[in-house]
>>> print(open('upload.pdb').read())   # PDB, C-alpha atoms
ATOM      1  CA  MET A 169       0.000   0.000   0.000
ATOM      2  CA  ARG A 170       1.461   3.301  -1.090
ATOM      3  CA  ALA A 171       0.950   6.255   1.255
ATOM      4  CA  TYR A 172      -0.781   9.216  -0.354
ATOM      5  CA  GLY A 173      -0.899  12.703   1.089
ATOM      6  CA  GLY A 174      -4.148  14.508   1.813
ATOM      7  CA  ILE A 175      -7.622  13.033   1.416
ATOM      8  CA  ARG A 176      -9.529  11.491  -1.434
ATOM      9  CA  PRO A 177      -9.938  13.501  -4.654
ATOM     10  CA  ARG A 178     -12.791  15.977  -4.755
ATOM     11  CA  ASP A 179     -14.811  13.859  -7.233
ATOM     12  CA  ALA A 180     -15.098  11.115  -4.605
ATOM     13  CA  ARG A 181     -17.650  13.305  -2.790
ATOM     14  CA  ALA A 182     -19.201  15.032  -5.784
ATOM     15  CA  ALA A 183     -21.844  12.368  -6.411
ATOM     16  CA  LEU A 184     -23.323  12.694  -2.915
ATOM     17  CA  PRO A 185     -25.243  15.529  -1.257
ATOM     18  CA  GLN A 186     -23.229  17.603   1.183
ATOM     19  CA  THR A 187     -25.459  16.355   4.021
ATOM     20  CA  LEU A 188     -26.562  12.710   4.029
ATOM     21  CA  GLY A 189     -28.896  12.911   7.010
ATOM     22  CA  ARG A 190     -29.697  14.655  10.251
ATOM     23  CA  ILE A 191     -31.390  13.861  13.573
ATOM     24  CA  GLY A 192     -31.569  16.820  15.961
ATOM     25  CA  THR A 193     -28.083  18.289  16.348
ATOM     26  CA  LEU A 194     -26.412  15.251  14.749
ATOM     27  CA  GLU A 195     -25.490  15.247  11.071
ATOM     28  CA  VAL A 196     -23.945  12.486   8.935
ATOM     29  CA  ARG A 197     -21.866  13.197   5.838
ATOM     30  CA  LEU A 198     -18.500  12.512   4.262
ATOM     31  CA  ALA A 199     -15.503  14.343   5.699
ATOM     32  CA  ALA A 200     -15.162  17.471   3.594
ATOM     33  CA  ASN A 201     -11.451  18.196   3.941
ATOM     34  CA  ALA A 202      -8.153  17.064   5.455
ATOM     35  CA  ALA A 203      -8.921  18.753   8.775
ATOM     36  CA  GLU A 204     -12.068  16.659   9.194
ATOM     37  CA  VAL A 205     -10.156  13.486   8.325
ATOM     38  CA  ARG A 206      -7.657  14.391  11.046
ATOM     39  CA  SER A 207     -10.540  14.877  13.485
ATOM     40  CA  ALA A 208     -11.863  11.424  12.572
ATOM     41  CA  GLN A 209      -8.378  10.006  13.171
ATOM     42  CA  LYS A 210      -8.294  11.697  16.595
ATOM     43  CA  LEU A 211     -11.630  10.114  17.423
ATOM     44  CA  ARG A 212     -10.266   6.715  16.401
ATOM     45  CA  TRP A 213      -7.228   7.316  18.644
ATOM     46  CA  ARG A 214      -9.464   8.032  21.623
ATOM     47  CA  VAL A 215     -11.526   4.873  21.090
ATOM     48  CA  PHE A 216      -8.942   2.373  19.843
ATOM     49  CA  TYR A 217      -5.836   3.439  21.761
ATOM     50  CA  GLU A 218      -7.046   5.211  24.899
ATOM     51  CA  GLU A 219     -10.168   3.138  25.528
ATOM     52  CA  MET A 220      -9.403  -0.239  23.939
ATOM     53  CA  LYS A 221      -5.627  -0.162  24.593
ATOM     54  CA  ALA A 222      -4.394  -0.702  21.063
ATOM     55  CA  ILE A 223      -0.617  -0.490  20.566
ATOM     56  CA  ALA A 224       0.380   2.576  18.587
ATOM     57  CA  ASP A 225       3.090   2.645  15.952
ATOM     58  CA  GLY A 226       5.449   5.595  15.717
ATOM     59  CA  PRO A 227       3.452   7.939  13.443
ATOM     60  CA  SER A 228       0.186   7.363  15.320
ATOM     61  CA  ARG A 229       1.837   7.820  18.709
ATOM     62  CA  LEU A 230       3.513  11.087  17.687
ATOM     63  CA  ALA A 231       0.350  12.514  16.143
ATOM     64  CA  ARG A 232      -2.033  11.011  18.717
ATOM     65  CA  ARG A 233      -4.180  10.003  15.785
ATOM     66  CA  ASP A 234      -4.956   6.555  14.355
ATOM     67  CA  ILE A 235      -3.190   6.740  10.999
ATOM     68  CA  ASP A 236      -2.410   4.317   8.218
ATOM     69  CA  ALA A 237      -1.783   4.470   4.469
ATOM     70  CA  PHE A 238      -5.373   3.520   3.635
ATOM     71  CA  ASP A 239      -6.730   6.759   5.090
ATOM     72  CA  ALA A 240      -5.632   8.755   2.062
ATOM     73  CA  ILE A 241      -7.572   6.632  -0.441
ATOM     74  CA  CYS A 242     -10.742   6.070   1.612
ATOM     75  CA  ASP A 243     -13.855   8.125   2.086
ATOM     76  CA  HIS A 244     -14.492   8.966   5.730
ATOM     77  CA  LEU A 245     -18.100   8.967   6.899
ATOM     78  CA  VAL A 246     -18.541  11.160   9.970
ATOM     79  CA  VAL A 247     -21.285  11.984  12.444
ATOM     80  CA  ILE A 248     -21.031  15.565  13.670
ATOM     81  CA  ASP A 249     -22.681  17.051  16.749
ATOM     82  CA  HIS A 250     -23.411  20.702  15.981
ATOM     83  CA  ALA A 251     -24.200  21.367  19.651
ATOM     84  CA  VAL A 252     -20.604  20.612  20.743
ATOM     85  CA  LEU A 253     -17.641  22.683  19.591
ATOM     86  CA  GLU A 254     -14.068  21.372  19.558
ATOM     87  CA  ARG A 255     -11.024  23.577  19.852
ATOM     88  CA  GLN A 256      -8.683  23.516  16.880
ATOM     89  CA  PRO A 257      -4.893  24.051  16.947
ATOM     90  CA  PHE A 258      -5.409  26.932  14.531
ATOM     91  CA  GLY A 259      -8.613  28.739  13.657
ATOM     92  CA  GLN A 260     -12.112  28.770  15.059
ATOM     93  CA  PRO A 261     -13.673  25.882  17.024
ATOM     94  CA  ARG A 262     -15.653  23.442  14.887
ATOM     95  CA  PRO A 263     -18.553  21.067  15.625
ATOM     96  CA  ALA A 264     -17.280  17.825  17.119
ATOM     97  CA  ILE A 265     -16.960  14.590  15.158
ATOM     98  CA  VAL A 266     -18.444  11.898  17.398
ATOM     99  CA  GLY A 267     -18.643   8.862  15.104
ATOM    100  CA  THR A 268     -16.909   7.618  11.987
ATOM    101  CA  TYR A 269     -16.658   4.810   9.434
ATOM    102  CA  ARG A 270     -14.023   4.320   6.753
ATOM    103  CA  LEU A 271     -15.249   3.375   3.260
ATOM    104  CA  LEU A 272     -13.148   1.926   0.442
ATOM    105  CA  ARG A 273     -14.662   1.153  -2.945
ATOM    106  CA  GLN A 274     -13.264  -1.679  -5.021
ATOM    107  CA  GLU A 275     -12.234   0.462  -7.995
ATOM    108  CA  ILE A 276     -10.152   2.647  -5.674
ATOM    109  CA  ALA A 277      -8.623  -0.337  -3.863
ATOM    110  CA  ASP A 278      -7.709  -1.963  -7.172
ATOM    111  CA  ARG A 279      -5.734   1.120  -8.200
ATOM    112  CA  HIS A 280      -3.846   1.421  -4.904
ATOM    113  CA  GLY A 281      -2.792  -2.028  -3.785
ATOM    114  CA  GLY A 282      -5.943  -3.744  -2.547
ATOM    115  CA  PHE A 283      -8.117  -3.849   0.552
ATOM    116  CA  TYR A 284      -7.129  -3.565   4.209
ATOM    117  CA  THR A 285      -9.086  -6.762   4.922
ATOM    118  CA  ALA A 286      -6.767  -8.749   2.648
ATOM    119  CA  GLY A 287      -4.086  -8.505   5.343
ATOM    120  CA  GLU A 288      -6.172 -10.833   7.523
ATOM    121  CA  PHE A 289      -8.540 -12.735   5.232
ATOM    122  CA  ASP A 290      -8.165 -14.278   1.795
ATOM    123  CA  VAL A 291     -10.887 -12.441  -0.109
ATOM    124  CA  SER A 292      -9.412 -13.064  -3.556
ATOM    125  CA  GLY A 293     -11.745 -15.962  -4.334
ATOM    126  CA  LEU A 294     -14.751 -14.001  -3.127
ATOM    127  CA  LEU A 295     -13.888 -11.104  -5.424
ATOM    128  CA  GLN A 296     -13.193 -13.402  -8.368
ATOM    129  CA  ARG A 297     -16.475 -15.320  -8.007
ATOM    130  CA  HIS A 298     -18.350 -12.019  -8.150
ATOM    131  CA  ALA A 299     -16.223 -10.188 -10.681
ATOM    132  CA  GLY A 300     -19.223  -8.276 -12.032
ATOM    133  CA  LYS A 301     -20.289  -6.904  -8.647
ATOM    134  CA  ARG A 302     -19.155  -3.753  -6.863
ATOM    135  CA  PHE A 303     -17.595  -4.310  -3.424
ATOM    136  CA  LEU A 304     -17.316  -1.770  -0.607
ATOM    137  CA  GLU A 305     -15.017  -2.314   2.370
ATOM    138  CA  LEU A 306     -16.261  -0.985   5.713
ATOM    139  CA  GLY A 307     -13.757  -0.413   8.485
ATOM    140  CA  ARG A 308     -12.449   1.654  11.399
ATOM    141  CA  SER A 309     -15.941   2.057  12.846
ATOM    142  CA  CYS A 310     -16.064   3.864  16.177
ATOM    143  CA  VAL A 311     -18.311   6.152  18.205
ATOM    144  CA  LEU A 312     -17.594   8.128  21.372
ATOM    145  CA  PRO A 313     -19.056   6.441  24.478
ATOM    146  CA  ALA A 314     -21.656   9.165  25.121
ATOM    147  CA  TYR A 315     -23.031   8.716  21.597
ATOM    148  CA  ARG A 316     -23.314   4.929  21.535
ATOM    149  CA  ASN A 317     -27.055   4.960  21.078
ATOM    150  CA  LYS A 318     -29.704   4.287  18.474
ATOM    151  CA  ARG A 319     -29.621   7.788  16.967
ATOM    152  CA  THR A 320     -25.911   7.746  16.159
ATOM    153  CA  VAL A 321     -25.943   4.192  14.824
ATOM    154  CA  GLU A 322     -28.988   4.966  12.667
ATOM    155  CA  LEU A 323     -27.250   7.996  11.187
ATOM    156  CA  LEU A 324     -24.082   6.033  10.399
ATOM    157  CA  TRP A 325     -26.110   3.351   8.666
ATOM    158  CA  HIS A 326     -28.193   5.940   6.878
ATOM    159  CA  GLY A 327     -24.969   7.455   5.558
ATOM    160  CA  ILE A 328     -23.662   4.063   4.452
ATOM    161  CA  TRP A 329     -26.977   3.253   2.752
ATOM    162  CA  SER A 330     -26.895   6.576   0.868
ATOM    163  CA  TYR A 331     -23.320   5.809  -0.217
ATOM    164  CA  VAL A 332     -24.278   2.282  -1.300
ATOM    165  CA  LEU A 333     -27.159   3.559  -3.429
ATOM    166  CA  THR A 334     -25.151   6.380  -4.996
ATOM    167  CA  HIS A 335     -22.230   4.139  -5.977
ATOM    168  CA  ARG A 336     -24.427   1.141  -6.836
ATOM    169  CA  ILE A 337     -22.636  -1.114  -4.369
ATOM    170  CA  ASP A 338     -23.542  -4.821  -4.477
ATOM    171  CA  VAL A 339     -21.560  -6.188  -1.530
ATOM    172  CA  MET A 340     -20.259  -4.735   1.733
ATOM    173  CA  PHE A 341     -17.524  -6.500   3.657
ATOM    174  CA  GLY A 342     -14.792  -5.920   6.210
ATOM    175  CA  CYS A 343     -13.419  -6.890   9.602
ATOM    176  CA  ALA A 344     -15.438  -6.695  12.808
ATOM    177  CA  SER A 345     -13.903  -7.228  16.211
ATOM    178  CA  LEU A 346     -14.347  -8.911  19.558
ATOM    179  CA  GLU A 347     -12.327  -7.400  22.383
ATOM    180  CA  GLY A 348      -9.169  -9.133  23.617
ATOM    181  CA  THR A 349      -6.588 -11.447  22.067
ATOM    182  CA  ASP A 350      -7.354 -14.755  23.820
ATOM    183  CA  PRO A 351      -9.733 -16.834  21.664
ATOM    184  CA  ARG A 352     -10.549 -19.028  24.681
ATOM    185  CA  ALA A 353     -12.160 -16.042  26.400
ATOM    186  CA  VAL A 354     -14.634 -15.624  23.532
ATOM    187  CA  SER A 355     -15.121 -19.299  22.634
ATOM    188  CA  ARG A 356     -18.877 -18.965  23.127
ATOM    189  CA  GLU A 357     -19.197 -15.982  20.810
ATOM    190  CA  LEU A 358     -16.908 -17.387  18.110
ATOM    191  CA  SER A 359     -18.701 -20.726  18.212
ATOM    192  CA  PHE A 360     -22.088 -19.022  17.952
ATOM    193  CA  LEU A 361     -20.948 -17.236  14.796
ATOM    194  CA  HIS A 362     -19.448 -20.437  13.405
ATOM    195  CA  HIS A 363     -22.679 -22.388  13.853
ATOM    196  CA  ASN A 364     -25.196 -19.685  12.961
ATOM    197  CA  ALA A 365     -23.762 -17.274  10.402
ATOM    198  CA  ARG A 366     -21.708 -19.304   7.959
ATOM    199  CA  PRO A 367     -22.157 -18.273   4.330
ATOM    200  CA  PRO A 368     -23.261 -20.340   1.359
ATOM    201  CA  ALA A 369     -20.343 -21.386  -0.834
ATOM    202  CA  GLU A 370     -20.702 -18.435  -3.201
ATOM    203  CA  TRP A 371     -20.004 -15.977  -0.360
ATOM    204  CA  ALA A 372     -17.347 -17.992   1.468
ATOM    205  CA  ALA A 373     -13.936 -16.592   2.424
ATOM    206  CA  ALA A 374     -11.443 -17.672   5.067
ATOM    207  CA  ALA A 375      -8.777 -16.261   7.343
ATOM    208  CA  LEU A 376      -5.253 -16.364   5.958
ATOM    209  CA  PRO A 377      -3.748 -19.751   6.939
ATOM    210  CA  SER A 378      -0.819 -18.111   8.734
ATOM    211  CA  ARG A 379      -3.179 -16.087  10.950
ATOM    212  CA  ARG A 380      -6.206 -18.350  11.252
ATOM    213  CA  VAL A 381      -7.831 -19.056  14.625
ATOM    214  CA  GLU A 382     -10.491 -21.768  14.813
ATOM    215  CA  MET A 383     -13.994 -20.424  15.499
ATOM    216  CA  GLY A 384     -15.917 -23.648  16.076
ATOM    217  CA  ARG A 385     -14.460 -24.159  19.530
ATOM    218  CA  LEU A 386     -17.670 -25.469  21.133
ATOM    219  CA  SER A 387     -20.289 -27.799  19.757
ATOM    220  CA  ARG A 388     -23.712 -26.370  18.957
ATOM    221  CA  ASP A 389     -25.238 -28.305  21.863
ATOM    222  CA  ALA A 390     -22.749 -26.806  24.321
ATOM    223  CA  ILE A 391     -23.792 -23.198  23.592
ATOM    224  CA  ASP A 392     -26.578 -21.221  25.237
ATOM    225  CA  MET A 393     -27.516 -19.434  22.023
ATOM    226  CA  LYS A 394     -29.436 -16.622  23.686
ATOM    227  CA  LYS A 395     -26.571 -15.768  26.036
ATOM    228  CA  ALA A 396     -24.021 -16.052  23.237
ATOM    229  CA  LEU A 397     -25.976 -13.663  21.028
ATOM    230  CA  HIS A 398     -26.340 -11.210  23.903
ATOM    231  CA  ALA A 399     -22.560 -11.298  24.506
ATOM    232  CA  LEU A 400     -21.660 -10.344  20.936
ATOM    233  CA  PRO A 401     -20.461  -6.771  20.305
ATOM    234  CA  PRO A 402     -23.306  -4.494  19.141
ATOM    235  CA  LEU A 403     -21.660  -3.908  15.758
ATOM    236  CA  ILE A 404     -21.541  -7.624  14.960
ATOM    237  CA  LYS A 405     -25.127  -8.093  16.151
ATOM    238  CA  GLY A 406     -26.143  -5.242  13.882
ATOM    239  CA  TYR A 407     -24.490  -6.858  10.883
ATOM    240  CA  LEU A 408     -26.226 -10.154  11.644
ATOM    241  CA  ARG A 409     -29.624  -8.464  11.869
ATOM    242  CA  LEU A 410     -29.036  -6.947   8.448
ATOM    243  CA  GLY A 411     -28.343 -10.388   6.982
ATOM    244  CA  ALA A 412     -24.533 -10.604   7.001
ATOM    245  CA  TYR A 413     -22.495 -13.787   6.805
ATOM    246  CA  ILE A 414     -19.359 -14.521   8.826
ATOM    247  CA  GLY A 415     -16.244 -15.890   7.138
ATOM    248  CA  ASP A 416     -14.365 -19.049   8.088
ATOM    249  CA  GLY A 417     -11.838 -18.564  10.853
ATOM    250  CA  ALA A 418     -10.892 -15.566  12.986
ATOM    251  CA  VAL A 419      -7.671 -13.531  13.268
ATOM    252  CA  VAL A 420      -5.936 -12.187  16.375
ATOM    253  CA  ASP A 421      -4.942  -8.547  15.893
ATOM    254  CA  ARG A 422      -2.485  -7.832  18.686
ATOM    255  CA  GLN A 423      -1.945  -4.213  17.667
ATOM    256  CA  PHE A 424      -5.625  -3.406  18.195
ATOM    257  CA  ASN A 425      -6.155  -5.863  21.073
ATOM    258  CA  THR A 426      -8.944  -7.633  19.185
ATOM    259  CA  ILE A 427     -10.034 -10.871  17.571
ATOM    260  CA  ASP A 428     -11.371 -10.127  14.102
ATOM    261  CA  VAL A 429     -14.011 -11.918  12.061
ATOM    262  CA  LEU A 430     -14.892 -11.349   8.427
ATOM    263  CA  ILE A 431     -18.247  -9.760   7.639
ATOM    264  CA  VAL A 432     -19.764 -10.341   4.180
ATOM    265  CA  LEU A 433     -23.039  -8.537   3.472
ATOM    266  CA  PRO A 434     -24.524  -8.778  -0.027
ATOM    267  CA  VAL A 435     -26.941  -5.896  -0.527
ATOM    268  CA  ALA A 436     -29.477  -8.338  -1.965
ATOM    269  CA  ALA A 437     -29.418 -10.264   1.340
ATOM    270  CA  ILE A 438     -30.346  -7.255   3.505
ATOM    271  CA  HIS A 439     -33.629  -7.921   5.267
ATOM    272  CA  PRO A 440     -36.455  -5.984   3.563
ATOM    273  CA  ARG A 441     -37.530  -4.346   6.814
ATOM    274  CA  TYR A 442     -34.219  -2.487   6.963
ATOM    275  CA  ILE A 443     -34.601  -1.335   3.364
ATOM    276  CA  ASP A 444     -38.058  -0.046   4.320
ATOM    277  CA  HIS A 445     -36.652   1.546   7.479
ATOM    278  CA  PHE A 446     -34.110   3.734   5.694
ATOM    279  CA  GLY A 447     -36.124   4.033   2.526
ATOM    280  CA  PRO A 448     -35.280   2.568  -0.881
ATOM    281  CA  THR A 449     -33.851   5.970  -1.871
ATOM    282  CA  ALA A 450     -32.329   6.744   1.579
ATOM    283  CA  GLU A 451     -34.889   9.455   2.256
ATOM    284  CA  ARG A 452     -35.779   8.668   5.885
ATOM    285  CA  HIS A 453     -33.217  10.930   7.551
ATOM    286  CA  ALA A 454     -32.550  13.094   4.536
ATOM    287  CA  ALA A 455     -31.751  16.647   5.515
TER     288      ALA A 455
END
>>> encode(input="upload.pdb", output="structure tokens")
Amino acid sequence: MRAYGGIRPRDARAALPQTLGRIGTLEVRLAANAAEVRSAQKLRWRVFYEEMKAIADGPSRLARRDIDAFDAICDHLVVIDHAVLERQPFGQPRPAIVGTYRLLRQEIADRHGGFYTAGEFDVSGLLQRHAGKRFLELGRSCVLPAYRNKRTVELLWHGIWSYVLTHRIDVMFGCASLEGTDPRAVSRELSFLHHNARPPAEWAAAALPSRRVEMGRLSRDAIDMKKALHALPPLIKGYLRLGAYIGDGAVVDRQFNTIDVLIVLPVAAIHPRYIDHFGPTAERHAA
């Protein structure tokens, strides 16, 4: 992956309205400039490194921002609270960014070295089997603790749905995480996913052999399914409700202090009630 300065080219945002949705003081849209991308990176630092105890590399530690080479080629979806102003190193205070998602379209990834997910999961077969479909990688999702509620999550998903419709995306995928690096501590959750969310062959993909951790650690009969579902992180539960599949095998990410699973969500598999909820043209929270 080559590192590129700045943010995505201006035409990456041109197809979308400036505002993708609003509920009260909260607005969802794509980051408009490099300063907003830096604010999203600061938010990621607060959640991943300060709260979840990820291990920072040199550039991230010096900047106190979560930074990698993919940031420059991704679109950054942000939720902004207009009722809260953040001080800036230079210039006037700006409304605070309180939630973010990183979005990488396949045509952009193909031009710049591939997807982030490919460092953990072998998605090459998945992409080849669906060569005519448009893939979108979702990643780096985080929300400040005070905003981890239905309104913020709805706005993030409304923004993603608007993006999916605008760019005619067929499949969303990416890594989702369970906290910690000891698979034994989350045997129940991993086993639940293994037994209940495996994809049909056409959507199958597996962890890289060198990084693979077995998910089917407990038999189906040994799991209290209700308790296992309740114990899953909210993000993974949300993906499952939408109709997502889980790939074969998990990966321990020691830098981020997580165990990652692969999410594969064909747009055609999304439950109709969620399409109705956001509207087939993403009009429900339109500003």
>>> residues_around(input="upload.pdb", residues="Pro401 in chain A", least_positions_apart="3", cutoff="9 Å", atoms="only C-alpha atoms", output="number ranges by chain")
A: 345-347, 397-398, 404-406
>>> resolve_selection(input="upload.pdb", expression="the PyMOL selection byres ((chain A and resi 332) around 12)", output="compact mmCIF listing (two decimals) with C-alpha atoms, in the coordinates of the input")
# COMPACT_ATOMS: atom_id res chain seq x y z
CA ALA A 183 -21.84 12.37 -6.41
CA LEU A 184 -23.32 12.69 -2.92
CA LEU A 188 -26.56 12.71 4.03
CA LEU A 271 -15.25 3.38 3.26
CA LEU A 272 -13.15 1.93 0.44
CA ARG A 273 -14.66 1.15 -2.94
CA ARG A 302 -19.16 -3.75 -6.86
CA PHE A 303 -17.60 -4.31 -3.42
CA LEU A 304 -17.32 -1.77 -0.61
CA GLU A 305 -15.02 -2.31 2.37
CA LEU A 306 -16.26 -0.98 5.71
CA TRP A 325 -26.11 3.35 8.67
CA HIS A 326 -28.19 5.94 6.88
CA GLY A 327 -24.97 7.46 5.56
CA ILE A 328 -23.66 4.06 4.45
CA TRP A 329 -26.98 3.25 2.75
CA SER A 330 -26.90 6.58 0.87
CA TYR A 331 -23.32 5.81 -0.22
CA LEU A 333 -27.16 3.56 -3.43
CA THR A 334 -25.15 6.38 -5.00
CA HIS A 335 -22.23 4.14 -5.98
CA ARG A 336 -24.43 1.14 -6.84
CA ILE A 337 -22.64 -1.11 -4.37
CA ASP A 338 -23.54 -4.82 -4.48
CA VAL A 339 -21.56 -6.19 -1.53
CA MET A 340 -20.26 -4.74 1.73
CA LEU A 433 -23.04 -8.54 3.47
CA PRO A 434 -24.52 -8.78 -0.03
CA VAL A 435 -26.94 -5.90 -0.53
CA ALA A 436 -29.48 -8.34 -1.96
CA ILE A 443 -34.60 -1.34 3.36
CA PRO A 448 -35.28 2.57 -0.88
CA THR A 449 -33.85 5.97 -1.87
CA ALA A 450 -32.33 6.74 1.58
>>> residues_around(input="upload.pdb", residues="Pro351 in chain A", least_positions_apart="3", cutoff="9 Å", atoms="all atoms listed in the file", output="list in words")
Gly348, Val354, Ser355, Leu358, Val381, Glu382, Met383, Arg385, Ala418, Val420 and Ile427 of chain A
>>> closest_residue(input="upload.pdb", among="A:Leu410, A:Val247, A:Ile438, A:Ala369", to="Leu324 in chain A", atoms="all atoms listed in the file")
A:Val247
>>> closest_residue(input="upload.pdb", among="A:Glu218, A:Asp392, A:Asp444, A:Glu357", to="Asp428 in chain A", atoms="all atoms listed in the file")
A:Glu357
>>> resolve_selection(input="upload.pdb", expression="the PyMOL selection byres ((chain A and resi 250-266) around 9)", output="count of residues only")
20
>>> resolve_selection(input="upload.pdb", expression="the PyMOL selection byres ((chain A and resi 287) around 12)", output="ChimeraX atom specification")
/A:169,281-286,288-292,342-343,374-380,419-421,428,430
>>> atom_distance(input="upload.pdb", atom1="CA of Leu403 in chain A", atom2="CA of His362 in chain A")
16.8 Å
>>> atom_distance(input="upload.pdb", atom1="CA of Ala240 in chain A", atom2="CA of Leu295 in chain A")
22.8 Å
>>> atom_distance(input="upload.pdb", atom1="CA of Arg229 in chain A", atom2="CA of Tyr217 in chain A")
9.3 Å
>>> closest_residue(input="upload.pdb", among="A:Arg352, A:Val429, A:Val321, A:Ser309", to="Asp234 in chain A", atoms="all atoms listed in the file")
A:Ser309
>>> residues_around(input="upload.pdb", residues="range 364-367 of chain A", least_positions_apart="4", cutoff="9 Å", atoms="only C-alpha atoms", output="count of residues only")
13
>>> axis_aligned_box(input="upload.pdb", around="range 352-362 of chain A", padding_each_side="5 Å", output="lines of an AutoDock Vina configuration file")
center_x = -16.3
center_y = -18.2
center_z = 19.9
size_x = 21.5
size_y = 15.1
size_z = 23.0
>>> build_atoms(input="upload.pdb", residues="range 189-200 of chain A", atoms="N, CA and C atoms", output="mmCIF file, keeping the file's coordinate frame")
data_model
loop_
_atom_site.group_PDB
_atom_site.id
_atom_site.type_symbol
_atom_site.label_atom_id
_atom_site.label_comp_id
_atom_site.auth_asym_id
_atom_site.auth_seq_id
_atom_site.Cartn_x
_atom_site.Cartn_y
_atom_site.Cartn_z
ATOM 1 N N GLY A 189 -27.778 13.111 6.099
ATOM 2 C CA GLY A 189 -28.896 12.911 7.010
ATOM 3 C C GLY A 189 -28.695 13.692 8.284
ATOM 4 N N ARG A 190 -29.785 13.890 9.010
ATOM 5 C CA ARG A 190 -29.697 14.655 10.251
ATOM 6 C C ARG A 190 -30.796 14.216 11.208
ATOM 7 N N ILE A 191 -30.438 14.087 12.496
ATOM 8 C CA ILE A 191 -31.390 13.861 13.573
ATOM 9 C C ILE A 191 -31.017 14.835 14.684
ATOM 10 N N GLY A 192 -31.880 15.824 14.944
ATOM 11 C CA GLY A 192 -31.569 16.820 15.961
ATOM 12 C C GLY A 192 -30.297 17.570 15.623
ATOM 13 N N THR A 193 -29.350 17.577 16.570
ATOM 14 C CA THR A 193 -28.083 18.289 16.348
ATOM 15 C C THR A 193 -27.048 17.430 15.627
ATOM 16 N N LEU A 194 -27.372 16.161 15.380
ATOM 17 C CA LEU A 194 -26.412 15.251 14.749
ATOM 18 C C LEU A 194 -26.600 15.228 13.231
ATOM 19 N N GLU A 195 -25.488 15.296 12.530
ATOM 20 C CA GLU A 195 -25.490 15.247 11.071
ATOM 21 C C GLU A 195 -24.520 14.171 10.609
ATOM 22 N N VAL A 196 -24.860 13.455 9.539
ATOM 23 C CA VAL A 196 -23.945 12.486 8.935
ATOM 24 C C VAL A 196 -23.608 12.937 7.522
ATOM 25 N N ARG A 197 -22.342 12.853 7.178
ATOM 26 C CA ARG A 197 -21.866 13.197 5.838
ATOM 27 C C ARG A 197 -20.455 12.679 5.673
ATOM 28 N N LEU A 198 -19.903 12.842 4.474
ATOM 29 C CA LEU A 198 -18.500 12.512 4.262
ATOM 30 C C LEU A 198 -17.629 13.663 4.760
ATOM 31 N N ALA A 199 -16.472 13.313 5.305
ATOM 32 C CA ALA A 199 -15.503 14.343 5.699
ATOM 33 C C ALA A 199 -15.212 15.218 4.491
ATOM 34 N N ALA A 200 -15.241 16.526 4.703
ATOM 35 C CA ALA A 200 -15.162 17.471 3.594
ATOM 36 C C ALA A 200 -13.749 17.909 3.260
#
